$ cat query12.pdb   # PDB, C-alpha atoms and all ligand atoms
ATOM      1  CA  MET A 200       0.000   0.000   0.000
ATOM      2  CA  THR A 201       1.327   3.427  -0.891
ATOM      3  CA  GLY A 202       0.194   6.852   0.195
ATOM      4  CA  ALA A 203       1.480  10.354   0.804
ATOM      5  CA  ILE A 204       2.909  10.861   4.281
ATOM      6  CA  ALA A 205       1.600  14.158   5.647
ATOM      7  CA  MET A 206       4.269  16.690   6.471
ATOM      8  CA  ILE A 207       3.945  18.218   9.941
ATOM      9  CA  ARG A 208       4.374  21.976   9.811
ATOM     10  CA  VAL A 209       5.386  23.836  12.968
ATOM     11  CA  ILE A 210       5.177  27.592  13.562
ATOM     12  CA  THR A 211       6.671  29.703  16.324
ATOM     13  CA  PHE A 212       7.136  33.396  17.075
ATOM     14  CA  GLY A 213       9.620  35.631  18.802
ATOM     15  CA  THR A 214      11.729  38.769  18.772
ATOM     16  CA  PHE A 215      15.114  36.985  18.822
ATOM     17  CA  ASP A 216      17.022  40.148  19.718
ATOM     18  CA  LEU A 217      20.723  39.714  20.646
ATOM     19  CA  PHE A 218      20.407  36.127  19.410
ATOM     20  CA  HIS A 219      21.587  33.580  22.013
ATOM     21  CA  ILE A 220      21.632  29.860  22.895
ATOM     22  CA  GLY A 221      18.124  29.938  24.437
ATOM     23  CA  HIS A 222      16.804  31.031  21.029
ATOM     24  CA  VAL A 223      18.712  28.265  19.224
ATOM     25  CA  ARG A 224      17.400  25.632  21.626
ATOM     26  CA  ILE A 225      13.731  26.543  21.347
ATOM     27  CA  LEU A 226      13.961  26.697  17.540
ATOM     28  CA  GLU A 227      15.701  23.304  17.389
ATOM     29  CA  ARG A 228      13.106  21.759  19.712
ATOM     30  CA  ALA A 229      10.273  23.306  17.686
ATOM     31  CA  ARG A 230      11.718  21.928  14.421
ATOM     32  CA  ALA A 231      12.153  18.467  15.961
ATOM     33  CA  LEU A 232       8.384  18.324  16.524
ATOM     34  CA  GLY A 233       7.743  18.246  12.782
ATOM     35  CA  ASP A 234       9.175  18.385   9.268
ATOM     36  CA  HIS A 235       9.070  22.121   8.546
ATOM     37  CA  LEU A 236       9.540  25.164  10.803
ATOM     38  CA  THR A 237       8.193  28.632  10.034
ATOM     39  CA  VAL A 238       9.223  31.484  12.341
ATOM     40  CA  GLY A 239       7.347  34.759  12.765
ATOM     41  CA  VAL A 240       9.868  37.409  13.813
ATOM     42  CA  SER A 241       8.218  40.314  15.606
ATOM     43  CA  THR A 242       8.681  43.648  13.880
ATOM     44  CA  ASP A 243      10.379  46.628  15.492
ATOM     45  CA  GLN A 244       6.987  48.315  15.697
ATOM     46  CA  LEU A 245       5.305  45.327  17.385
ATOM     47  CA  ASN A 246       8.109  45.329  19.967
ATOM     48  CA  PHE A 247       7.648  48.989  20.610
ATOM     49  CA  SER A 248       3.930  48.461  21.149
ATOM     50  CA  LYS A 249       4.543  45.485  23.537
ATOM     51  CA  LYS A 250       7.570  46.725  25.476
ATOM     52  CA  ALA A 251       7.739  50.506  24.835
ATOM     53  CA  LYS A 252      11.266  50.066  23.416
ATOM     54  CA  TYR A 253      12.839  48.994  20.157
ATOM     55  CA  PRO A 254      15.081  45.904  19.866
ATOM     56  CA  ILE A 255      18.844  46.475  19.557
ATOM     57  CA  TYR A 256      18.975  44.632  16.205
ATOM     58  CA  SER A 257      16.682  45.718  13.364
ATOM     59  CA  GLU A 258      13.900  43.426  12.183
ATOM     60  CA  GLN A 259      15.818  42.838   8.914
ATOM     61  CA  ASP A 260      18.893  41.653  10.836
ATOM     62  CA  ARG A 261      16.853  39.559  13.298
ATOM     63  CA  MET A 262      15.024  37.868  10.403
ATOM     64  CA  GLY A 263      18.334  37.328   8.575
ATOM     65  CA  ILE A 264      19.897  35.626  11.617
ATOM     66  CA  VAL A 265      16.893  33.342  12.209
ATOM     67  CA  ALA A 266      16.595  32.487   8.492
ATOM     68  CA  ALA A 267      20.254  31.409   8.383
ATOM     69  CA  LEU A 268      19.702  28.589  10.902
ATOM     70  CA  LYS A 269      19.696  24.975   9.715
ATOM     71  CA  CYS A 270      16.566  24.215  11.786
ATOM     72  CA  VAL A 271      14.531  27.070  10.222
ATOM     73  CA  ASP A 272      12.777  26.626   6.877
ATOM     74  CA  ALA A 273      10.959  29.973   6.505
ATOM     75  CA  VAL A 274      10.637  33.340   8.238
ATOM     76  CA  PHE A 275       8.141  36.184   7.997
ATOM     77  CA  PRO A 276       7.542  39.439   9.872
ATOM     78  CA  GLU A 277       5.017  39.248  12.738
ATOM     79  CA  HIS A 278       3.204  42.578  12.712
ATOM     80  CA  SER A 279       0.593  41.902  15.399
ATOM     81  CA  LEU A 280      -0.124  39.444  18.225
ATOM     82  CA  GLU A 281      -3.763  39.580  17.188
ATOM     83  CA  LEU A 282      -3.025  38.018  13.776
ATOM     84  CA  LYS A 283      -1.843  34.650  15.195
ATOM     85  CA  GLU A 284      -4.750  32.720  13.723
ATOM     86  CA  SER A 285      -4.335  34.146  10.217
ATOM     87  CA  TYR A 286      -0.551  33.516  10.320
ATOM     88  CA  ILE A 287      -1.186  29.886  11.395
ATOM     89  CA  LEU A 288      -3.706  29.356   8.588
ATOM     90  CA  GLU A 289      -1.642  31.219   5.964
ATOM     91  CA  HIS A 290       1.421  29.069   6.719
ATOM     92  CA  GLY A 291      -0.591  25.842   7.028
ATOM     93  CA  ALA A 292       0.787  25.141  10.505
ATOM     94  CA  ASP A 293      -0.265  21.999  12.370
ATOM     95  CA  VAL A 294       1.516  22.933  15.603
ATOM     96  CA  LEU A 295       2.065  26.294  17.329
ATOM     97  CA  VAL A 296       5.081  26.330  19.674
ATOM     98  CA  MET A 297       5.597  29.106  22.215
ATOM     99  CA  GLY A 298       7.986  29.494  25.152
ATOM    100  CA  HIS A 299       6.369  28.780  28.522
ATOM    101  CA  ASP A 300       6.526  32.498  29.343
ATOM    102  CA  TRP A 301       3.441  32.636  27.063
ATOM    103  CA  GLU A 302       1.699  29.675  28.802
ATOM    104  CA  GLY A 303      -2.069  29.873  28.364
ATOM    105  CA  ARG A 304      -1.928  33.035  26.267
ATOM    106  CA  PHE A 305      -2.616  31.318  22.928
ATOM    107  CA  ASP A 306      -4.747  28.370  24.043
ATOM    108  CA  ASP A 307      -7.596  29.600  21.842
ATOM    109  CA  MET A 308      -5.443  28.768  18.783
ATOM    110  CA  GLY A 309      -6.285  25.157  19.680
ATOM    111  CA  ARG A 310      -9.272  25.611  17.363
ATOM    112  CA  VAL A 311      -6.957  25.675  14.308
ATOM    113  CA  CYS A 312      -3.844  23.702  15.381
ATOM    114  CA  LYS A 313      -2.139  21.945  18.272
ATOM    115  CA  VAL A 314      -0.641  24.398  20.831
ATOM    116  CA  LEU A 315       2.516  23.550  22.788
ATOM    117  CA  TYR A 316       4.446  25.648  25.320
ATOM    118  CA  LEU A 317       8.090  24.593  25.758
ATOM    119  CA  PRO A 318      10.308  25.381  28.772
ATOM    120  CA  ARG A 319      12.767  28.251  28.373
ATOM    121  CA  THR A 320      16.526  27.738  28.697
ATOM    122  CA  GLU A 321      17.552  28.825  32.179
ATOM    123  CA  GLY A 322      20.146  31.514  32.842
ATOM    124  CA  ILE A 323      20.130  33.456  29.571
ATOM    125  CA  SER A 324      17.991  36.206  28.068
ATOM    126  CA  SER A 325      18.466  39.241  25.834
ATOM    127  CA  THR A 326      17.942  41.367  28.957
ATOM    128  CA  ASP A 327      20.797  39.496  30.744
ATOM    129  CA  VAL A 328      23.078  39.987  27.739
ATOM    130  CA  LYS A 329      22.365  43.735  27.760
ATOM    131  CA  ALA A 330      23.037  43.900  31.514
ATOM    132  CA  ARG A 331      26.327  41.990  31.141
ATOM    133  CA  VAL A 332      27.482  44.278  28.348
ATOM    134  CA  ALA A 333      26.548  47.322  30.416
ATOM    135  CA  ALA A 334      28.478  45.864  33.386
ATOM    136  CA  THR A 335      31.636  45.590  31.273
ATOM    137  CA  GLN A 336      31.499  49.250  30.239
ATOM    138  CA  GLY A 337      34.530  51.010  31.588
ATOM    139  CA  GLY A 338      36.521  47.752  31.434
ATOM    140  CA  ALA A 339      39.424  47.342  28.999
ATOM    141  CA  ALA A 340      38.342  46.695  25.404
ATOM    142  CA  ALA A 341      39.824  43.485  23.976
TER     143      ALA A 341
HETATM  144  N1  LIG B 401      13.426  31.656  24.881
HETATM  145  C1  LIG B 401      13.873  30.500  25.514
HETATM  146  N2  LIG B 401      14.854  30.590  26.468
HETATM  147  C2  LIG B 401      15.385  31.778  26.792
HETATM  148  C3  LIG B 401      14.956  32.953  26.158
HETATM  149  C4  LIG B 401      13.949  32.860  25.205
HETATM  150  O1  LIG B 401      13.395  29.387  25.239
HETATM  151  N3  LIG B 401      16.309  31.801  27.749
HETATM  152  C5  LIG B 401      12.358  31.544  23.885
HETATM  153  C6  LIG B 401      11.090  32.307  24.282
HETATM  154  O2  LIG B 401      10.312  31.547  25.196
HETATM  155  C7  LIG B 401      10.427  32.490  22.935
HETATM  156  C8  LIG B 401      11.623  32.603  21.969
HETATM  157  O3  LIG B 401      12.781  32.131  22.673
HETATM  158  O4  LIG B 401       9.662  31.337  22.595
HETATM  159  C9  LIG B 401      11.851  34.048  21.550
HETATM  160  O5  LIG B 401      11.951  34.807  22.725
HETATM  161  P1  LIG B 401      11.794  36.378  22.661
HETATM  162  O6  LIG B 401      12.693  36.900  21.618
HETATM  163  O7  LIG B 401      11.889  36.911  24.043
HETATM  164  O8  LIG B 401      10.321  36.509  22.089
HETATM  165  P2  LIG B 401       9.137  37.425  22.607
HETATM  166  O9  LIG B 401       9.582  38.853  22.707
HETATM  167  O10 LIG B 401       8.533  36.756  23.796
HETATM  168  O11 LIG B 401       8.153  37.403  21.354
HETATM  169  O12 LIG B 401       4.077  36.347  19.288
HETATM  170  C10 LIG B 401       4.837  36.408  20.443
HETATM  171  C11 LIG B 401       6.106  37.176  20.338
HETATM  172  O13 LIG B 401       6.569  37.424  19.058
HETATM  173  C12 LIG B 401       7.138  36.489  21.215
END
$ encode --input "query12.pdb" --output "structure tokens"
Amino acid sequence: MTGAIAMIRVITFGTFDLFHIGHVRILERARALGDHLTVGVSTDQLNFSKKAKYPIYSEQDRMGIVAALKCVDAVFPEHSLELKESYILEHGADVLVMGHDWEGRFDDMGRVCKVLYLPRTEGISSTDVKARVAATQGGAAA
């Protein structure tokens, strides 16, 4: 008996500013849940509306970094948190993966796909990186 084997398409979202190992790990784990990973990278404007500040890296650079990863098949700009459902449908996603910092926030997407929240990597964040860089200011430049 022959038949097409359905490809499982995974989608996830994030800012991915000051790209670090926690970002790599969640993207690798998301990709391992299926056969294709699409990543919505939040725009500079969306960040400003969520956090009242702009990312350090531009949306073009953040998308370029994420797109260059072996575990990522496609990227697109995420303009609004409210468009999750249309992004999921547009990209034909079967699974939505979010970090557990978003636990519960997108449960209603369960009407169009499976929703999974994965644990974050401990001990690293873009905020920590910024703080560490700030702490080295005044030190000798290598
Ligand atoms: N992450 C992680 N471990 C860390 C830091 C981040 O697993 N130590 C994960 C987050 O849980 C998230 C992804 O990496 O799933 C991207 O994190 P952020 O860049 O902080 O994304 P955020 O600003 O939360 O944007 O639609 C939702 C937003 O676009 C998510």
$ resolve_selection --input "query12.pdb" --expression "the PyMOL selection byres (((not hetatm)) within 6 of (chain B and resi 401))" --output "list of chain:residue names"
A:Phe212, A:Gly213, A:Thr214, A:Phe215, A:Asp216, A:Gly221, A:His222, A:Ile225, A:Ser241, A:Leu280, A:Met297, A:Gly298, A:His299, A:Asp300, A:Arg319, A:Thr320, A:Glu321, A:Ile323, A:Ser324
$ atom_distance --input "query12.pdb" --atom1 "atom CA of Gly309 of chain A" --atom2 "atom CA of His219 of chain A"
29.2 Å
$ closest_residue --input "query12.pdb" --among "A:Val311, A:Leu245, A:Leu317, A:Val265" --to "Ile287 of chain A" --atoms "only C-alpha atoms"
A:Val311
$ closest_residue --input "query12.pdb" --among "A:Val240, A:Ile220, A:Cys312, A:Ala273" --to "Leu288 of chain A" --atoms "all atoms listed in the file"
A:Cys312
$ resolve_selection --input "query12.pdb" --expression "the PyMOL selection byres (((chain A and resi 228) around 12) and not hetatm)" --output "number ranges by chain"
A: 209-211, 221-227, 229-236, 270-271, 296-298, 315-320
$ closest_residue --input "query12.pdb" --among "A:Leu217, A:Pro276, A:Ser257, A:Gly239" --to "Val332 of chain A" --atoms "only C-alpha atoms"
A:Leu217
$ atom_distance --input "query12.pdb" --atom1 "atom CA of Ala334 of chain A" --atom2 "atom CA of Lys250 of chain A"
22.4 Å
$ atom_distance --input "query12.pdb" --atom1 "atom CA of Lys249 of chain A" --atom2 "atom CA of Glu277 of chain A"
12.5 Å
$ closest_residue --input "query12.pdb" --among "A:Ile255, A:Gly291, A:Gly263, A:Ser279" --to "Ile207 of chain A" --atoms "only C-alpha atoms"
A:Gly291
$ closest_residue --input "query12.pdb" --among "A:Val294, A:Arg261, A:Tyr253, A:Val238" --to "Asp306 of chain A" --atoms "only C-alpha atoms"
A:Val294
$ closest_residue --input "query12.pdb" --among "A:Gln336, A:Leu282, A:Thr237, A:Ser248" --to "Met262 of chain A" --atoms "all atoms listed in the file"
A:Thr237
$ decode --input "query12.pdb" --residues "segment 223-239 of chain A" --atoms "all heavy atoms" --output "PDB file, in the first residue's frame"
ATOM      1  N   VAL A 223      18.355  29.445  20.038  1.00  0.00           N
ATOM      2  CA  VAL A 223      18.712  28.265  19.224  1.00  0.00           C
ATOM      3  C   VAL A 223      17.959  27.044  19.731  1.00  0.00           C
ATOM      4  O   VAL A 223      17.353  26.299  18.960  1.00  0.00           O
ATOM      5  CB  VAL A 223      20.234  27.978  19.286  1.00  0.00           C
ATOM      6  CG1 VAL A 223      20.569  26.668  18.591  1.00  0.00           C
ATOM      7  CG2 VAL A 223      21.028  29.113  18.678  1.00  0.00           C
ATOM      8  N   ARG A 224      17.984  26.863  21.062  1.00  0.00           N
ATOM      9  CA  ARG A 224      17.400  25.632  21.626  1.00  0.00           C
ATOM     10  C   ARG A 224      15.903  25.546  21.390  1.00  0.00           C
ATOM     11  O   ARG A 224      15.389  24.479  21.051  1.00  0.00           O
ATOM     12  CB  ARG A 224      17.714  25.545  23.118  1.00  0.00           C
ATOM     13  CG  ARG A 224      19.201  25.327  23.331  1.00  0.00           C
ATOM     14  CD  ARG A 224      19.480  24.545  24.593  1.00  0.00           C
ATOM     15  NE  ARG A 224      20.909  24.278  24.688  1.00  0.00           N
ATOM     16  CZ  ARG A 224      21.677  24.697  25.680  1.00  0.00           C
ATOM     17  NH1 ARG A 224      21.173  25.418  26.659  1.00  0.00           N
ATOM     18  NH2 ARG A 224      22.952  24.394  25.685  1.00  0.00           N
ATOM     19  N   ILE A 225      15.186  26.654  21.534  1.00  0.00           N
ATOM     20  CA  ILE A 225      13.731  26.543  21.347  1.00  0.00           C
ATOM     21  C   ILE A 225      13.418  26.302  19.863  1.00  0.00           C
ATOM     22  O   ILE A 225      12.512  25.535  19.534  1.00  0.00           O
ATOM     23  CB  ILE A 225      12.937  27.732  21.932  1.00  0.00           C
ATOM     24  CG1 ILE A 225      11.480  27.269  22.105  1.00  0.00           C
ATOM     25  CG2 ILE A 225      13.061  28.991  21.087  1.00  0.00           C
ATOM     26  CD1 ILE A 225      10.665  28.076  23.071  1.00  0.00           C
ATOM     27  N   LEU A 226      14.209  26.906  18.984  1.00  0.00           N
ATOM     28  CA  LEU A 226      13.961  26.697  17.540  1.00  0.00           C
ATOM     29  C   LEU A 226      14.291  25.257  17.148  1.00  0.00           C
ATOM     30  O   LEU A 226      13.549  24.629  16.390  1.00  0.00           O
ATOM     31  CB  LEU A 226      14.761  27.708  16.712  1.00  0.00           C
ATOM     32  CG  LEU A 226      14.289  29.156  16.882  1.00  0.00           C
ATOM     33  CD1 LEU A 226      15.257  30.121  16.180  1.00  0.00           C
ATOM     34  CD2 LEU A 226      12.872  29.354  16.359  1.00  0.00           C
ATOM     35  N   GLU A 227      15.363  24.707  17.694  1.00  0.00           N
ATOM     36  CA  GLU A 227      15.701  23.304  17.389  1.00  0.00           C
ATOM     37  C   GLU A 227      14.626  22.357  17.924  1.00  0.00           C
ATOM     38  O   GLU A 227      14.235  21.403  17.246  1.00  0.00           O
ATOM     39  CB  GLU A 227      17.061  22.945  18.000  1.00  0.00           C
ATOM     40  CG  GLU A 227      18.209  23.556  17.226  1.00  0.00           C
ATOM     41  CD  GLU A 227      19.575  23.214  17.809  1.00  0.00           C
ATOM     42  OE1 GLU A 227      19.656  22.814  18.985  1.00  0.00           O
ATOM     43  OE2 GLU A 227      20.568  23.375  17.078  1.00  0.00           O
ATOM     44  N   ARG A 228      14.143  22.641  19.138  1.00  0.00           N
ATOM     45  CA  ARG A 228      13.106  21.759  19.712  1.00  0.00           C
ATOM     46  C   ARG A 228      11.804  21.883  18.933  1.00  0.00           C
ATOM     47  O   ARG A 228      11.088  20.903  18.736  1.00  0.00           O
ATOM     48  CB  ARG A 228      12.884  22.093  21.201  1.00  0.00           C
ATOM     49  CG  ARG A 228      13.978  21.534  22.090  1.00  0.00           C
ATOM     50  CD  ARG A 228      13.731  21.902  23.545  1.00  0.00           C
ATOM     51  NE  ARG A 228      13.945  23.325  23.741  1.00  0.00           N
ATOM     52  CZ  ARG A 228      13.402  24.047  24.712  1.00  0.00           C
ATOM     53  NH1 ARG A 228      12.594  23.495  25.590  1.00  0.00           N
ATOM     54  NH2 ARG A 228      13.658  25.326  24.822  1.00  0.00           N
ATOM     55  N   ALA A 229      11.492  23.100  18.478  1.00  0.00           N
ATOM     56  CA  ALA A 229      10.273  23.306  17.686  1.00  0.00           C
ATOM     57  C   ALA A 229      10.372  22.520  16.369  1.00  0.00           C
ATOM     58  O   ALA A 229       9.448  21.821  15.969  1.00  0.00           O
ATOM     59  CB  ALA A 229      10.067  24.796  17.413  1.00  0.00           C
ATOM     60  N   ARG A 230      11.526  22.616  15.711  1.00  0.00           N
ATOM     61  CA  ARG A 230      11.718  21.928  14.421  1.00  0.00           C
ATOM     62  C   ARG A 230      11.642  20.416  14.574  1.00  0.00           C
ATOM     63  O   ARG A 230      11.117  19.708  13.708  1.00  0.00           O
ATOM     64  CB  ARG A 230      13.069  22.349  13.834  1.00  0.00           C
ATOM     65  CG  ARG A 230      13.436  21.686  12.513  1.00  0.00           C
ATOM     66  CD  ARG A 230      12.444  22.052  11.405  1.00  0.00           C
ATOM     67  NE  ARG A 230      12.859  21.534  10.109  1.00  0.00           N
ATOM     68  CZ  ARG A 230      12.783  20.250   9.750  1.00  0.00           C
ATOM     69  NH1 ARG A 230      12.286  19.365  10.590  1.00  0.00           N
ATOM     70  NH2 ARG A 230      13.181  19.875   8.550  1.00  0.00           N
ATOM     71  N   ALA A 231      12.142  19.918  15.719  1.00  0.00           N
ATOM     72  CA  ALA A 231      12.153  18.467  15.961  1.00  0.00           C
ATOM     73  C   ALA A 231      10.743  17.909  16.147  1.00  0.00           C
ATOM     74  O   ALA A 231      10.541  16.702  16.049  1.00  0.00           O
ATOM     75  CB  ALA A 231      13.007  18.155  17.183  1.00  0.00           C
ATOM     76  N   LEU A 232       9.770  18.781  16.360  1.00  0.00           N
ATOM     77  CA  LEU A 232       8.384  18.324  16.524  1.00  0.00           C
ATOM     78  C   LEU A 232       7.691  18.069  15.186  1.00  0.00           C
ATOM     79  O   LEU A 232       6.562  17.605  15.151  1.00  0.00           O
ATOM     80  CB  LEU A 232       7.581  19.378  17.308  1.00  0.00           C
ATOM     81  CG  LEU A 232       7.981  19.548  18.774  1.00  0.00           C
ATOM     82  CD1 LEU A 232       7.370  20.806  19.361  1.00  0.00           C
ATOM     83  CD2 LEU A 232       7.554  18.321  19.571  1.00  0.00           C
ATOM     84  N   GLY A 233       8.374  18.435  14.090  1.00  0.00           N
ATOM     85  CA  GLY A 233       7.743  18.246  12.782  1.00  0.00           C
ATOM     86  C   GLY A 233       8.764  18.154  11.674  1.00  0.00           C
ATOM     87  O   GLY A 233       9.926  17.787  11.906  1.00  0.00           O
ATOM     88  N   ASP A 234       8.319  18.508  10.458  1.00  0.00           N
ATOM     89  CA  ASP A 234       9.175  18.385   9.268  1.00  0.00           C
ATOM     90  C   ASP A 234       9.530  19.743   8.661  1.00  0.00           C
ATOM     91  O   ASP A 234      10.323  19.820   7.723  1.00  0.00           O
ATOM     92  CB  ASP A 234       8.437  17.579   8.186  1.00  0.00           C
ATOM     93  CG  ASP A 234       7.889  16.288   8.748  1.00  0.00           C
ATOM     94  OD1 ASP A 234       8.704  15.434   9.115  1.00  0.00           O
ATOM     95  OD2 ASP A 234       6.658  16.147   8.854  1.00  0.00           O
ATOM     96  N   HIS A 235       8.877  20.791   9.141  1.00  0.00           N
ATOM     97  CA  HIS A 235       9.070  22.121   8.546  1.00  0.00           C
ATOM     98  C   HIS A 235       8.807  23.157   9.632  1.00  0.00           C
ATOM     99  O   HIS A 235       7.814  23.046  10.362  1.00  0.00           O
ATOM    100  CB  HIS A 235       8.080  22.302   7.389  1.00  0.00           C
ATOM    101  CG  HIS A 235       8.255  23.597   6.641  1.00  0.00           C
ATOM    102  ND1 HIS A 235       7.755  24.798   7.096  1.00  0.00           N
ATOM    103  CD2 HIS A 235       8.870  23.857   5.459  1.00  0.00           C
ATOM    104  CE1 HIS A 235       8.066  25.752   6.222  1.00  0.00           C
ATOM    105  NE2 HIS A 235       8.743  25.211   5.225  1.00  0.00           N
ATOM    106  N   LEU A 236       9.717  24.126   9.775  1.00  0.00           N
ATOM    107  CA  LEU A 236       9.540  25.164  10.803  1.00  0.00           C
ATOM    108  C   LEU A 236       9.473  26.555  10.182  1.00  0.00           C
ATOM    109  O   LEU A 236      10.400  26.980   9.493  1.00  0.00           O
ATOM    110  CB  LEU A 236      10.694  25.129  11.819  1.00  0.00           C
ATOM    111  CG  LEU A 236      10.653  26.221  12.892  1.00  0.00           C
ATOM    112  CD1 LEU A 236       9.414  26.108  13.775  1.00  0.00           C
ATOM    113  CD2 LEU A 236      11.918  26.193  13.746  1.00  0.00           C
ATOM    114  N   THR A 237       8.356  27.230  10.437  1.00  0.00           N
ATOM    115  CA  THR A 237       8.193  28.632  10.034  1.00  0.00           C
ATOM    116  C   THR A 237       8.294  29.493  11.287  1.00  0.00           C
ATOM    117  O   THR A 237       7.710  29.157  12.323  1.00  0.00           O
ATOM    118  CB  THR A 237       6.798  28.854   9.393  1.00  0.00           C
ATOM    119  OG1 THR A 237       6.661  27.985   8.278  1.00  0.00           O
ATOM    120  CG2 THR A 237       6.616  30.288   8.940  1.00  0.00           C
ATOM    121  N   VAL A 238       9.039  30.607  11.177  1.00  0.00           N
ATOM    122  CA  VAL A 238       9.223  31.484  12.341  1.00  0.00           C
ATOM    123  C   VAL A 238       8.718  32.896  12.022  1.00  0.00           C
ATOM    124  O   VAL A 238       9.168  33.523  11.047  1.00  0.00           O
ATOM    125  CB  VAL A 238      10.712  31.560  12.754  1.00  0.00           C
ATOM    126  CG1 VAL A 238      10.863  32.401  14.021  1.00  0.00           C
ATOM    127  CG2 VAL A 238      11.290  30.163  12.977  1.00  0.00           C
ATOM    128  N   GLY A 239       7.804  33.373  12.849  1.00  0.00           N
ATOM    129  CA  GLY A 239       7.347  34.759  12.765  1.00  0.00           C
ATOM    130  C   GLY A 239       8.242  35.607  13.662  1.00  0.00           C
ATOM    131  O   GLY A 239       8.312  35.369  14.871  1.00  0.00           O
TER     132      GLY A 239
END
